[in-house]
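Student: I'm passing along final-v7.cif; it holds mmCIF, N, CA and C atoms.
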```cif
data_my_file
#
loop_
_atom_site.label_atom_id
_atom_site.label_comp_id
_atom_site.auth_asym_id
_atom_site.auth_seq_id
_atom_site.Cartn_x
_atom_site.Cartn_y
_atom_site.Cartn_z
N MET A 1 23.50 -101.83 -8.24
CA MET A 1 23.30 -101.86 -6.80
C MET A 1 22.94 -103.29 -6.39
N LYS A 2 23.64 -103.81 -5.41
CA LYS A 2 23.37 -105.15 -4.90
C LYS A 2 22.69 -105.04 -3.54
N VAL A 3 21.54 -105.72 -3.42
CA VAL A 3 20.73 -105.66 -2.21
C VAL A 3 20.56 -107.06 -1.63
N ILE A 4 20.65 -107.16 -0.32
CA ILE A 4 20.36 -108.40 0.40
C ILE A 4 19.16 -108.13 1.29
N THR A 5 18.17 -109.03 1.25
CA THR A 5 17.08 -108.97 2.23
C THR A 5 17.17 -110.23 3.08
N PHE A 6 16.85 -110.09 4.35
CA PHE A 6 16.95 -111.20 5.29
C PHE A 6 15.67 -111.29 6.10
N GLY A 7 15.06 -112.47 6.13
CA GLY A 7 13.85 -112.63 6.92
C GLY A 7 13.22 -113.99 6.70
N GLU A 8 11.95 -114.06 7.02
CA GLU A 8 11.21 -115.32 6.91
C GLU A 8 10.24 -115.26 5.75
N ILE A 9 10.30 -116.27 4.89
CA ILE A 9 9.27 -116.44 3.88
C ILE A 9 8.35 -117.53 4.41
N MET A 10 7.06 -117.29 4.33
CA MET A 10 6.08 -118.20 4.91
C MET A 10 5.11 -118.72 3.85
N LEU A 11 4.56 -119.85 4.13
CA LEU A 11 3.47 -120.40 3.33
C LEU A 11 2.21 -119.64 3.72
N ARG A 12 1.53 -119.06 2.72
CA ARG A 12 0.28 -118.34 2.99
C ARG A 12 -0.88 -119.20 2.54
N LEU A 13 -1.81 -119.43 3.44
CA LEU A 13 -3.01 -120.19 3.13
C LEU A 13 -4.21 -119.26 3.28
N ALA A 14 -5.01 -119.18 2.23
CA ALA A 14 -6.15 -118.25 2.24
C ALA A 14 -7.38 -118.94 1.64
N PRO A 15 -8.54 -118.76 2.29
CA PRO A 15 -9.76 -119.28 1.70
C PRO A 15 -9.98 -118.64 0.33
N HIS A 16 -10.61 -119.35 -0.57
CA HIS A 16 -10.91 -118.81 -1.90
C HIS A 16 -11.83 -117.59 -1.77
N GLY A 17 -11.62 -116.64 -2.66
CA GLY A 17 -12.46 -115.44 -2.69
C GLY A 17 -12.46 -114.72 -1.36
N TYR A 18 -13.65 -114.42 -0.88
CA TYR A 18 -13.80 -113.69 0.37
C TYR A 18 -14.46 -114.53 1.45
N TYR A 19 -14.31 -115.85 1.33
CA TYR A 19 -14.83 -116.73 2.37
C TYR A 19 -14.10 -116.47 3.68
N ARG A 20 -14.81 -116.69 4.78
CA ARG A 20 -14.20 -116.61 6.10
C ARG A 20 -13.53 -117.95 6.38
N PHE A 21 -12.64 -117.97 7.35
CA PHE A 21 -11.98 -119.23 7.73
C PHE A 21 -13.02 -120.31 8.02
N THR A 22 -14.04 -119.93 8.75
CA THR A 22 -15.05 -120.91 9.17
C THR A 22 -15.95 -121.39 8.04
N GLN A 23 -15.91 -120.72 6.89
CA GLN A 23 -16.70 -121.12 5.72
C GLN A 23 -15.90 -121.93 4.71
N ALA A 24 -14.60 -121.96 4.88
CA ALA A 24 -13.72 -122.52 3.84
C ALA A 24 -13.66 -124.05 3.90
N ASN A 25 -13.69 -124.65 2.73
CA ASN A 25 -13.45 -126.09 2.59
C ASN A 25 -12.05 -126.37 2.08
N ASP A 26 -11.44 -125.37 1.46
CA ASP A 26 -10.08 -125.49 0.97
C ASP A 26 -9.43 -124.12 0.97
N PHE A 27 -8.10 -124.12 0.81
CA PHE A 27 -7.32 -122.89 0.90
C PHE A 27 -6.37 -122.79 -0.29
N GLU A 28 -6.18 -121.58 -0.80
CA GLU A 28 -5.18 -121.31 -1.83
C GLU A 28 -3.83 -121.18 -1.14
N ALA A 29 -2.80 -121.74 -1.73
CA ALA A 29 -1.46 -121.66 -1.16
C ALA A 29 -0.57 -120.76 -2.00
N SER A 30 0.19 -119.89 -1.34
CA SER A 30 1.20 -119.06 -1.99
C SER A 30 2.26 -118.77 -0.92
N PHE A 31 3.24 -117.96 -1.26
CA PHE A 31 4.31 -117.64 -0.32
C PHE A 31 4.43 -116.14 -0.16
N GLY A 32 4.82 -115.70 1.02
CA GLY A 32 5.02 -114.28 1.26
C GLY A 32 5.72 -114.03 2.57
N GLY A 33 6.08 -112.81 2.78
CA GLY A 33 6.78 -112.36 3.98
C GLY A 33 7.38 -111.01 3.66
N GLY A 34 7.44 -110.14 4.62
CA GLY A 34 7.87 -108.77 4.37
C GLY A 34 9.15 -108.64 3.57
N GLU A 35 10.21 -109.28 4.01
CA GLU A 35 11.51 -109.13 3.35
C GLU A 35 11.55 -109.86 2.01
N ALA A 36 10.85 -110.98 1.92
CA ALA A 36 10.76 -111.68 0.63
C ALA A 36 9.99 -110.83 -0.37
N ASN A 37 8.93 -110.16 0.09
CA ASN A 37 8.16 -109.29 -0.80
C ASN A 37 9.01 -108.11 -1.28
N VAL A 38 9.85 -107.58 -0.40
CA VAL A 38 10.75 -106.49 -0.81
C VAL A 38 11.72 -107.00 -1.87
N ALA A 39 12.27 -108.20 -1.67
CA ALA A 39 13.20 -108.77 -2.64
C ALA A 39 12.54 -108.92 -4.01
N VAL A 40 11.33 -109.44 -4.04
CA VAL A 40 10.61 -109.62 -5.31
C VAL A 40 10.35 -108.27 -5.96
N SER A 41 9.93 -107.29 -5.18
CA SER A 41 9.66 -105.95 -5.74
C SER A 41 10.92 -105.34 -6.34
N LEU A 42 12.04 -105.44 -5.62
CA LEU A 42 13.29 -104.88 -6.14
C LEU A 42 13.76 -105.62 -7.39
N ALA A 43 13.59 -106.94 -7.41
CA ALA A 43 13.95 -107.71 -8.61
C ALA A 43 13.09 -107.28 -9.80
N ASN A 44 11.83 -106.99 -9.55
CA ASN A 44 10.94 -106.52 -10.62
C ASN A 44 11.37 -105.18 -11.17
N PHE A 45 12.08 -104.39 -10.37
CA PHE A 45 12.63 -103.10 -10.83
C PHE A 45 14.02 -103.26 -11.44
N GLY A 46 14.48 -104.50 -11.54
CA GLY A 46 15.76 -104.76 -12.19
C GLY A 46 16.98 -104.72 -11.29
N LEU A 47 16.81 -104.63 -9.99
CA LEU A 47 17.96 -104.62 -9.08
C LEU A 47 18.50 -106.03 -8.87
N ASP A 48 19.77 -106.10 -8.55
CA ASP A 48 20.44 -107.35 -8.19
C ASP A 48 20.12 -107.59 -6.72
N VAL A 49 19.24 -108.55 -6.43
CA VAL A 49 18.78 -108.76 -5.07
C VAL A 49 18.80 -110.24 -4.71
N ALA A 50 19.23 -110.50 -3.49
CA ALA A 50 19.24 -111.86 -2.96
C ALA A 50 18.43 -111.88 -1.67
N PHE A 51 17.75 -112.99 -1.44
CA PHE A 51 17.00 -113.19 -0.21
C PHE A 51 17.71 -114.24 0.61
N VAL A 52 17.90 -113.96 1.90
CA VAL A 52 18.60 -114.87 2.81
C VAL A 52 17.62 -115.28 3.90
N THR A 53 17.55 -116.58 4.12
CA THR A 53 16.71 -117.15 5.17
C THR A 53 17.19 -118.55 5.46
N LYS A 54 16.46 -119.26 6.28
CA LYS A 54 16.70 -120.69 6.49
C LYS A 54 15.39 -121.40 6.23
N LEU A 55 15.45 -122.42 5.38
CA LEU A 55 14.26 -123.20 5.01
C LEU A 55 14.56 -124.68 5.12
N PRO A 56 13.55 -125.47 5.45
CA PRO A 56 13.74 -126.92 5.50
C PRO A 56 14.17 -127.47 4.14
N ALA A 57 14.86 -128.59 4.17
CA ALA A 57 15.35 -129.22 2.93
C ALA A 57 14.30 -130.13 2.30
N HIS A 58 13.04 -129.95 2.66
CA HIS A 58 11.99 -130.76 2.05
C HIS A 58 11.30 -130.00 0.92
N ASP A 59 10.30 -130.62 0.28
CA ASP A 59 9.68 -130.05 -0.91
C ASP A 59 8.95 -128.73 -0.67
N VAL A 60 8.37 -128.52 0.50
CA VAL A 60 7.70 -127.24 0.76
C VAL A 60 8.73 -126.12 0.83
N GLY A 61 9.87 -126.39 1.46
CA GLY A 61 10.95 -125.41 1.47
C GLY A 61 11.42 -125.10 0.05
N GLN A 62 11.52 -126.14 -0.78
CA GLN A 62 11.94 -125.94 -2.17
C GLN A 62 10.91 -125.14 -2.95
N CYS A 63 9.63 -125.35 -2.67
CA CYS A 63 8.58 -124.55 -3.34
C CYS A 63 8.76 -123.06 -3.05
N ALA A 64 9.11 -122.72 -1.79
CA ALA A 64 9.33 -121.32 -1.44
C ALA A 64 10.50 -120.75 -2.24
N ILE A 65 11.58 -121.53 -2.35
CA ILE A 65 12.74 -121.09 -3.13
C ILE A 65 12.36 -120.92 -4.60
N ASN A 66 11.64 -121.87 -5.15
CA ASN A 66 11.22 -121.78 -6.55
C ASN A 66 10.37 -120.55 -6.80
N ASP A 67 9.52 -120.21 -5.83
CA ASP A 67 8.67 -119.04 -5.96
C ASP A 67 9.50 -117.77 -6.07
N LEU A 68 10.54 -117.65 -5.26
CA LEU A 68 11.42 -116.48 -5.33
C LEU A 68 12.19 -116.44 -6.65
N ARG A 69 12.68 -117.59 -7.08
CA ARG A 69 13.48 -117.67 -8.31
C ARG A 69 12.69 -117.22 -9.53
N LYS A 70 11.40 -117.52 -9.57
CA LYS A 70 10.62 -117.16 -10.76
C LYS A 70 10.52 -115.65 -10.94
N TYR A 71 10.81 -114.90 -9.88
CA TYR A 71 10.82 -113.43 -9.97
C TYR A 71 12.22 -112.86 -10.15
N GLY A 72 13.22 -113.73 -10.24
CA GLY A 72 14.59 -113.27 -10.45
C GLY A 72 15.36 -112.97 -9.19
N VAL A 73 14.88 -113.45 -8.05
CA VAL A 73 15.58 -113.25 -6.78
C VAL A 73 16.65 -114.33 -6.63
N ASP A 74 17.85 -113.92 -6.27
CA ASP A 74 18.96 -114.85 -6.02
C ASP A 74 18.69 -115.58 -4.70
N THR A 75 18.66 -116.90 -4.76
CA THR A 75 18.38 -117.71 -3.57
C THR A 75 19.59 -118.55 -3.16
N SER A 76 20.73 -118.25 -3.72
CA SER A 76 21.92 -119.09 -3.52
C SER A 76 22.45 -119.06 -2.08
N MET A 77 22.05 -118.07 -1.29
CA MET A 77 22.56 -117.99 0.08
C MET A 77 21.54 -118.43 1.12
N ILE A 78 20.45 -119.05 0.66
CA ILE A 78 19.48 -119.60 1.59
C ILE A 78 20.05 -120.86 2.21
N THR A 79 20.01 -120.93 3.52
CA THR A 79 20.48 -122.09 4.28
C THR A 79 19.34 -123.09 4.38
N ARG A 80 19.67 -124.37 4.24
CA ARG A 80 18.66 -125.43 4.34
C ARG A 80 18.82 -126.16 5.66
N GLY A 81 17.71 -126.41 6.32
CA GLY A 81 17.70 -127.14 7.58
C GLY A 81 16.44 -126.81 8.35
N GLY A 82 16.27 -127.47 9.47
CA GLY A 82 15.06 -127.28 10.26
C GLY A 82 13.93 -128.16 9.74
N ASP A 83 12.82 -128.11 10.45
CA ASP A 83 11.71 -129.01 10.15
C ASP A 83 10.51 -128.37 9.47
N ARG A 84 10.32 -127.07 9.68
CA ARG A 84 9.07 -126.52 9.15
C ARG A 84 9.22 -125.11 8.60
N VAL A 85 8.32 -124.80 7.68
CA VAL A 85 8.17 -123.46 7.12
C VAL A 85 7.08 -122.77 7.93
N GLY A 86 7.30 -121.52 8.29
CA GLY A 86 6.26 -120.76 8.98
C GLY A 86 5.04 -120.65 8.07
N ILE A 87 3.88 -120.55 8.68
CA ILE A 87 2.62 -120.46 7.94
C ILE A 87 1.85 -119.25 8.43
N TYR A 88 1.17 -118.57 7.50
CA TYR A 88 0.18 -117.60 7.95
C TYR A 88 -1.09 -117.79 7.15
N TYR A 89 -2.19 -117.61 7.84
CA TYR A 89 -3.52 -117.78 7.27
C TYR A 89 -4.10 -116.39 7.05
N LEU A 90 -4.59 -116.15 5.84
CA LEU A 90 -5.13 -114.84 5.49
C LEU A 90 -6.59 -114.96 5.10
N GLU A 91 -7.44 -114.27 5.84
CA GLU A 91 -8.85 -114.15 5.50
C GLU A 91 -9.04 -112.75 4.93
N LYS A 92 -9.29 -112.66 3.62
CA LYS A 92 -9.41 -111.35 2.98
C LYS A 92 -10.67 -110.64 3.44
N GLY A 93 -10.53 -109.37 3.73
CA GLY A 93 -11.67 -108.56 4.15
C GLY A 93 -12.63 -108.33 2.99
N ALA A 94 -13.85 -108.01 3.35
CA ALA A 94 -14.88 -107.71 2.35
C ALA A 94 -15.77 -106.60 2.89
N SER A 95 -15.99 -105.58 2.07
CA SER A 95 -16.83 -104.45 2.44
C SER A 95 -16.39 -103.87 3.78
N GLN A 96 -17.20 -103.94 4.80
CA GLN A 96 -16.88 -103.36 6.10
C GLN A 96 -16.02 -104.28 6.98
N ARG A 97 -15.87 -105.55 6.56
CA ARG A 97 -15.13 -106.52 7.36
C ARG A 97 -13.64 -106.44 7.05
N ALA A 98 -12.83 -106.27 8.08
CA ALA A 98 -11.38 -106.17 7.90
C ALA A 98 -10.78 -107.55 7.61
N SER A 99 -9.62 -107.55 6.98
CA SER A 99 -8.88 -108.80 6.78
C SER A 99 -8.42 -109.31 8.14
N GLN A 100 -8.17 -110.61 8.20
CA GLN A 100 -7.68 -111.22 9.43
C GLN A 100 -6.49 -112.11 9.09
N VAL A 101 -5.47 -112.05 9.91
CA VAL A 101 -4.28 -112.88 9.71
C VAL A 101 -4.01 -113.65 11.00
N ILE A 102 -3.71 -114.94 10.84
CA ILE A 102 -3.31 -115.78 11.96
C ILE A 102 -1.94 -116.36 11.61
N TYR A 103 -0.97 -116.16 12.50
CA TYR A 103 0.39 -116.64 12.26
C TYR A 103 0.65 -117.95 12.99
N ASP A 104 1.37 -118.84 12.33
CA ASP A 104 1.84 -120.09 12.92
C ASP A 104 3.33 -120.19 12.59
N ARG A 105 4.15 -119.53 13.40
CA ARG A 105 5.59 -119.42 13.12
C ARG A 105 6.46 -120.17 14.12
N ALA A 106 5.87 -120.70 15.16
CA ALA A 106 6.65 -121.35 16.21
C ALA A 106 7.46 -122.51 15.63
N HIS A 107 8.72 -122.55 15.99
CA HIS A 107 9.63 -123.62 15.59
C HIS A 107 9.87 -123.72 14.08
N SER A 108 9.64 -122.62 13.36
CA SER A 108 10.00 -122.63 11.94
C SER A 108 11.52 -122.65 11.81
N ALA A 109 12.00 -123.02 10.65
CA ALA A 109 13.45 -123.13 10.43
C ALA A 109 14.17 -121.83 10.77
N ILE A 110 13.64 -120.70 10.32
CA ILE A 110 14.32 -119.43 10.59
C ILE A 110 14.20 -119.03 12.06
N ALA A 111 13.11 -119.39 12.73
CA ALA A 111 12.96 -119.06 14.15
C ALA A 111 13.99 -119.80 14.99
N GLU A 112 14.44 -120.95 14.53
CA GLU A 112 15.42 -121.73 15.28
C GLU A 112 16.83 -121.60 14.72
N ALA A 113 17.00 -120.71 13.75
CA ALA A 113 18.33 -120.49 13.16
C ALA A 113 19.25 -119.82 14.17
N ILE A 114 20.54 -120.08 14.00
CA ILE A 114 21.56 -119.43 14.81
C ILE A 114 22.51 -118.70 13.85
N PRO A 115 23.24 -117.70 14.33
CA PRO A 115 24.12 -116.93 13.44
C PRO A 115 25.08 -117.81 12.63
N GLU A 116 25.53 -118.90 13.22
CA GLU A 116 26.50 -119.77 12.54
C GLU A 116 25.88 -120.53 11.36
N ASP A 117 24.57 -120.48 11.21
CA ASP A 117 23.91 -121.13 10.07
C ASP A 117 24.20 -120.39 8.76
N PHE A 118 24.71 -119.18 8.85
CA PHE A 118 24.89 -118.33 7.67
C PHE A 118 26.34 -117.93 7.48
N ASN A 119 26.77 -117.86 6.23
CA ASN A 119 28.12 -117.41 5.89
C ASN A 119 28.05 -115.89 5.68
N TRP A 120 28.11 -115.15 6.79
CA TRP A 120 27.91 -113.70 6.74
C TRP A 120 28.93 -112.99 5.87
N SER A 121 30.18 -113.45 5.84
CA SER A 121 31.20 -112.81 4.99
C SER A 121 30.79 -112.89 3.53
N LYS A 122 30.33 -114.04 3.11
CA LYS A 122 29.89 -114.21 1.72
C LYS A 122 28.61 -113.42 1.45
N ILE A 123 27.68 -113.45 2.40
CA ILE A 123 26.40 -112.75 2.23
C ILE A 123 26.63 -111.26 2.00
N PHE A 124 27.54 -110.64 2.78
CA PHE A 124 27.75 -109.19 2.68
C PHE A 124 28.79 -108.77 1.64
N GLU A 125 29.38 -109.71 0.95
CA GLU A 125 30.41 -109.40 -0.04
C GLU A 125 29.82 -108.57 -1.19
N GLY A 126 30.32 -107.35 -1.34
CA GLY A 126 29.89 -106.47 -2.43
C GLY A 126 28.49 -105.92 -2.29
N VAL A 127 27.90 -106.00 -1.13
CA VAL A 127 26.52 -105.56 -0.90
C VAL A 127 26.46 -104.06 -0.66
N ASP A 128 25.50 -103.40 -1.31
CA ASP A 128 25.30 -101.97 -1.12
C ASP A 128 24.22 -101.66 -0.08
N TRP A 129 23.27 -102.59 0.07
CA TRP A 129 22.15 -102.33 0.97
C TRP A 129 21.69 -103.64 1.59
N PHE A 130 21.43 -103.61 2.91
CA PHE A 130 20.92 -104.76 3.64
C PHE A 130 19.57 -104.39 4.23
N HIS A 131 18.55 -105.19 3.91
CA HIS A 131 17.20 -104.91 4.38
C HIS A 131 16.70 -106.04 5.27
N PHE A 132 16.27 -105.69 6.47
CA PHE A 132 15.59 -106.62 7.37
C PHE A 132 14.67 -105.81 8.25
N THR A 133 13.80 -106.48 8.99
CA THR A 133 12.87 -105.78 9.86
C THR A 133 13.00 -106.32 11.28
N GLY A 134 12.37 -105.67 12.21
CA GLY A 134 12.47 -106.05 13.61
C GLY A 134 11.80 -107.36 13.96
N ILE A 135 10.86 -107.81 13.16
CA ILE A 135 10.14 -109.04 13.49
C ILE A 135 11.08 -110.24 13.52
N ASP A 136 12.13 -110.20 12.72
CA ASP A 136 13.04 -111.35 12.67
C ASP A 136 13.64 -111.67 14.03
N GLN A 137 13.96 -110.66 14.79
CA GLN A 137 14.52 -110.89 16.11
C GLN A 137 13.45 -111.41 17.07
N LEU A 138 12.22 -110.98 16.90
CA LEU A 138 11.15 -111.39 17.79
C LEU A 138 10.70 -112.83 17.54
N VAL A 139 10.82 -113.29 16.29
CA VAL A 139 10.39 -114.65 15.94
C VAL A 139 11.35 -115.68 16.51
N SER A 140 12.60 -115.30 16.66
CA SER A 140 13.61 -116.24 17.13
C SER A 140 13.21 -116.89 18.44
N SER A 141 13.31 -118.20 18.50
CA SER A 141 12.95 -118.91 19.72
C SER A 141 13.88 -118.55 20.88
N ARG A 142 15.06 -118.09 20.58
CA ARG A 142 16.00 -117.69 21.63
C ARG A 142 15.47 -116.47 22.39
N HIS A 143 14.61 -115.68 21.76
CA HIS A 143 14.11 -114.48 22.40
C HIS A 143 12.71 -114.67 23.00
N THR A 144 12.09 -115.80 22.76
CA THR A 144 10.72 -116.00 23.23
C THR A 144 10.62 -116.97 24.37
N LYS A 145 11.73 -117.47 24.87
CA LYS A 145 11.69 -118.43 25.99
C LYS A 145 11.51 -117.72 27.31
#
```
Could you express the structure from this file as structure tokens?
Tutor:
Amino acid sequence: MKVITFGEIMLRLAPHGYYRFTQANDFEASFGGGEANVAVSLANFGLDVAFVTKLPAHDVGQCAINDLRKYGVDTSMITRGGDRVGIYYLEKGASQRASQVIYDRAHSAIAEAIPEDFNWSKIFEGVDWFHFTGIDQLVSSRHTK
């Protein structure tokens, strides 16, 4: 079974342990996003899965691609361009305190992507399942003006 997931992978910055944002002196960096997480999970189950997005051609964009590759996700259809990777900040909850997330996605590469940035014929070639979520349409700058 061949699966394609499409969405935004973001840089996740989180204070160490259970520190609050206001207590943190530094942040742990990792990558995540709903559709990217689905791709990694399916790859871990042995499925043939590719993640499609648009990422900047700089080193932070490459780090996101490398992170997906280490789990066996096909990244060959990721488009490169744009200036920034979306970021989200995660403050892990503790005891009675809920987790908190702050998103910084404005003007990310995928938010400014247009349909012509992707080779849809190639992306869907031989695909059995396509996974995306509604947030992708909402992040697009074309829909938020």
Student: Chain A: which residues are helix (DSSP H, G or I) by DSSP, as a VMD selection string?
Tutor: chain A and resid 21 to 23 34 to 44 59 to 69 115 to 117 120 to 123 135 to 139 141 to 144
Student: For each of A:Lys92, A:His58, A:Arg12, A:Arg84, take the minimum atom-to-atom distance to A:Ala109, counting only C-alpha atoms, then give the residue where this is smallest.
Tutor: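 Comparing A:Lys92, A:His58, A:Arg12, A:Arg84 against A:Ala109, the winner is A:Arg84.
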Student: Have a look at atom C of A:Thr5 and atom N of A:His131 and let me know their distance in Å, one decimal.
Tutor: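 Between atom C of A:Thr5 and atom N of A:His131 the gap is 5.3 Å.
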Student: Would you mind telling me which residue in A:Ala39, A:Phe132, A:Gly126, A:Gly17 lies nearest to A:Arg69 when using only C-alpha atoms?
Tutor: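 Counting only C-alpha atoms, the residue closest to A:Arg69 is A:Ala39.
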Student: To test your reading of the syntax: which residues would the PyMOL selection byres ((chain A and resi 40) around 8) return for the file shown? Reply as a count of residues only.
Tutor: 19
Student: Here is a test: counting only C-alpha atoms, which residue of A:Asp26, A:Glu8, A:Asp67, A:Glu125 is nearest to A:Thr79?
Tutor: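 Comparing A:Asp26, A:Glu8, A:Asp67, A:Glu125 against A:Thr79, the winner is A:Glu8.
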Student: Determine the nearest neighbour of A:Ala106 from the options A:Ser76, A:Met10, A:Asp59, A:Ala29, counting only C-alpha atoms.
Tutor: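 Looking only at the distances to A:Ala106, the closest residue turns out to be A:Met10.
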Student: What does the distance from atom N of A:Ser108 to atom CA of A:Asn25 come to in Å, to one decimal?
Tutor: 25.7 Å
Student: Name every residue that the PyMOL selection byres ((chain A and resi 18-22) around 8) selects in this structure, writing the answer as a compact mmCIF listing (two decimals) with N, CA and C atoms, keeping the file's coordinate frame with chains first and numbers rising.
Tutor:
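Listing of result.txt after writing:
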```txt
# COMPACT_ATOMS: atom_id res chain seq x y z
N ALA A 14 -5.01 -119.18 2.23
CA ALA A 14 -6.15 -118.25 2.24
C ALA A 14 -7.38 -118.94 1.64
N PRO A 15 -8.54 -118.76 2.29
CA PRO A 15 -9.76 -119.28 1.70
C PRO A 15 -9.98 -118.64 0.33
N HIS A 16 -10.61 -119.35 -0.57
CA HIS A 16 -10.91 -118.81 -1.90
C HIS A 16 -11.83 -117.59 -1.77
N GLY A 17 -11.62 -116.64 -2.66
CA GLY A 17 -12.46 -115.44 -2.69
C GLY A 17 -12.46 -114.72 -1.36
N GLN A 23 -15.91 -120.72 6.89
CA GLN A 23 -16.70 -121.12 5.72
C GLN A 23 -15.90 -121.93 4.71
N ALA A 24 -14.60 -121.96 4.88
CA ALA A 24 -13.72 -122.52 3.84
C ALA A 24 -13.66 -124.05 3.90
N ASN A 25 -13.69 -124.65 2.73
CA ASN A 25 -13.45 -126.09 2.59
C ASN A 25 -12.05 -126.37 2.08
N LEU A 90 -4.59 -116.15 5.84
CA LEU A 90 -5.13 -114.84 5.49
C LEU A 90 -6.59 -114.96 5.10
N GLU A 91 -7.44 -114.27 5.84
CA GLU A 91 -8.85 -114.15 5.50
C GLU A 91 -9.04 -112.75 4.93
N LYS A 92 -9.29 -112.66 3.62
CA LYS A 92 -9.41 -111.35 2.98
C LYS A 92 -10.67 -110.64 3.44
N GLY A 93 -10.53 -109.37 3.73
CA GLY A 93 -11.67 -108.56 4.15
C GLY A 93 -12.63 -108.33 2.99
N ALA A 94 -13.85 -108.01 3.35
CA ALA A 94 -14.88 -107.71 2.35
C ALA A 94 -15.77 -106.60 2.89
```
Student: State, in Å with one decimal place, the distance from atom N of A:Ile102 to atom CA of A:Leu55.
Tutor: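 Taking atom N of A:Ile102 as the start and atom CA of A:Leu55 as the end point, the length is 20.6 Å.
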Student: Name the residues that the PyMOL selection byres (((chain A and resi 114-122 and name CA) around 12) and name CA) picks from the file above, as a ChimeraX atom specification, using the file's chain letters and numbers.
Tutor: /A:4,6,50,52-55,76-82,109-113,123-127,130,136-137,140-143
Student: Would you save the residues from that selection as a compact mmCIF listing (two decimals), in the frame of the given file, using N, CA and C atoms?
Tutor:
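Output file selection.txt is given in full below:
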```txt
# COMPACT_ATOMS: atom_id res chain seq x y z
N ILE A 4 20.65 -107.16 -0.32
CA ILE A 4 20.36 -108.40 0.40
C ILE A 4 19.16 -108.13 1.29
N PHE A 6 16.85 -110.09 4.35
CA PHE A 6 16.95 -111.20 5.29
C PHE A 6 15.67 -111.29 6.10
N ALA A 50 19.23 -110.50 -3.49
CA ALA A 50 19.24 -111.86 -2.96
C ALA A 50 18.43 -111.88 -1.67
N VAL A 52 17.90 -113.96 1.90
CA VAL A 52 18.60 -114.87 2.81
C VAL A 52 17.62 -115.28 3.90
N THR A 53 17.55 -116.58 4.12
CA THR A 53 16.71 -117.15 5.17
C THR A 53 17.19 -118.55 5.46
N LYS A 54 16.46 -119.26 6.28
CA LYS A 54 16.70 -120.69 6.49
C LYS A 54 15.39 -121.40 6.23
N LEU A 55 15.45 -122.42 5.38
CA LEU A 55 14.26 -123.20 5.01
C LEU A 55 14.56 -124.68 5.12
N SER A 76 20.73 -118.25 -3.72
CA SER A 76 21.92 -119.09 -3.52
C SER A 76 22.45 -119.06 -2.08
N MET A 77 22.05 -118.07 -1.29
CA MET A 77 22.56 -117.99 0.08
C MET A 77 21.54 -118.43 1.12
N ILE A 78 20.45 -119.05 0.66
CA ILE A 78 19.48 -119.60 1.59
C ILE A 78 20.05 -120.86 2.21
N THR A 79 20.01 -120.93 3.52
CA THR A 79 20.48 -122.09 4.28
C THR A 79 19.34 -123.09 4.38
N ARG A 80 19.67 -124.37 4.24
CA ARG A 80 18.66 -125.43 4.34
C ARG A 80 18.82 -126.16 5.66
N GLY A 81 17.71 -126.41 6.32
CA GLY A 81 17.70 -127.14 7.58
C GLY A 81 16.44 -126.81 8.35
N GLY A 82 16.27 -127.47 9.47
CA GLY A 82 15.06 -127.28 10.26
C GLY A 82 13.93 -128.16 9.74
N ALA A 109 12.00 -123.02 10.65
CA ALA A 109 13.45 -123.13 10.43
C ALA A 109 14.17 -121.83 10.77
N ILE A 110 13.64 -120.70 10.32
CA ILE A 110 14.32 -119.43 10.59
C ILE A 110 14.20 -119.03 12.06
N ALA A 111 13.11 -119.39 12.73
CA ALA A 111 12.96 -119.06 14.15
C ALA A 111 13.99 -119.80 14.99
N GLU A 112 14.44 -120.95 14.53
CA GLU A 112 15.42 -121.73 15.28
C GLU A 112 16.83 -121.60 14.72
N ALA A 113 17.00 -120.71 13.75
CA ALA A 113 18.33 -120.49 13.16
C ALA A 113 19.25 -119.82 14.17
N ILE A 123 27.68 -113.45 2.40
CA ILE A 123 26.40 -112.75 2.23
C ILE A 123 26.63 -111.26 2.00
N PHE A 124 27.54 -110.64 2.78
CA PHE A 124 27.75 -109.19 2.68
C PHE A 124 28.79 -108.77 1.64
N GLU A 125 29.38 -109.71 0.95
CA GLU A 125 30.41 -109.40 -0.04
C GLU A 125 29.82 -108.57 -1.19
N GLY A 126 30.32 -107.35 -1.34
CA GLY A 126 29.89 -106.47 -2.43
C GLY A 126 28.49 -105.92 -2.29
N VAL A 127 27.90 -106.00 -1.13
CA VAL A 127 26.52 -105.56 -0.90
C VAL A 127 26.46 -104.06 -0.66
N PHE A 130 21.43 -103.61 2.91
CA PHE A 130 20.92 -104.76 3.64
C PHE A 130 19.57 -104.39 4.23
N ASP A 136 12.13 -110.20 12.72
CA ASP A 136 13.04 -111.35 12.67
C ASP A 136 13.64 -111.67 14.03
N GLN A 137 13.96 -110.66 14.79
CA GLN A 137 14.52 -110.89 16.11
C GLN A 137 13.45 -111.41 17.07
N SER A 140 12.60 -115.30 16.66
CA SER A 140 13.61 -116.24 17.13
C SER A 140 13.21 -116.89 18.44
N SER A 141 13.31 -118.20 18.50
CA SER A 141 12.95 -118.91 19.72
C SER A 141 13.88 -118.55 20.88
N ARG A 142 15.06 -118.09 20.58
CA ARG A 142 16.00 -117.69 21.63
C ARG A 142 15.47 -116.47 22.39
N HIS A 143 14.61 -115.68 21.76
CA HIS A 143 14.11 -114.48 22.40
C HIS A 143 12.71 -114.67 23.00
```
Student: Would you list, as a ChimeraX atom specification, the residues of stretch 43-79 of chain A that end up in strand (DSSP E or B) under DSSP run on this structure's backbone?
Tutor: /A:48-52,54-55,74,79
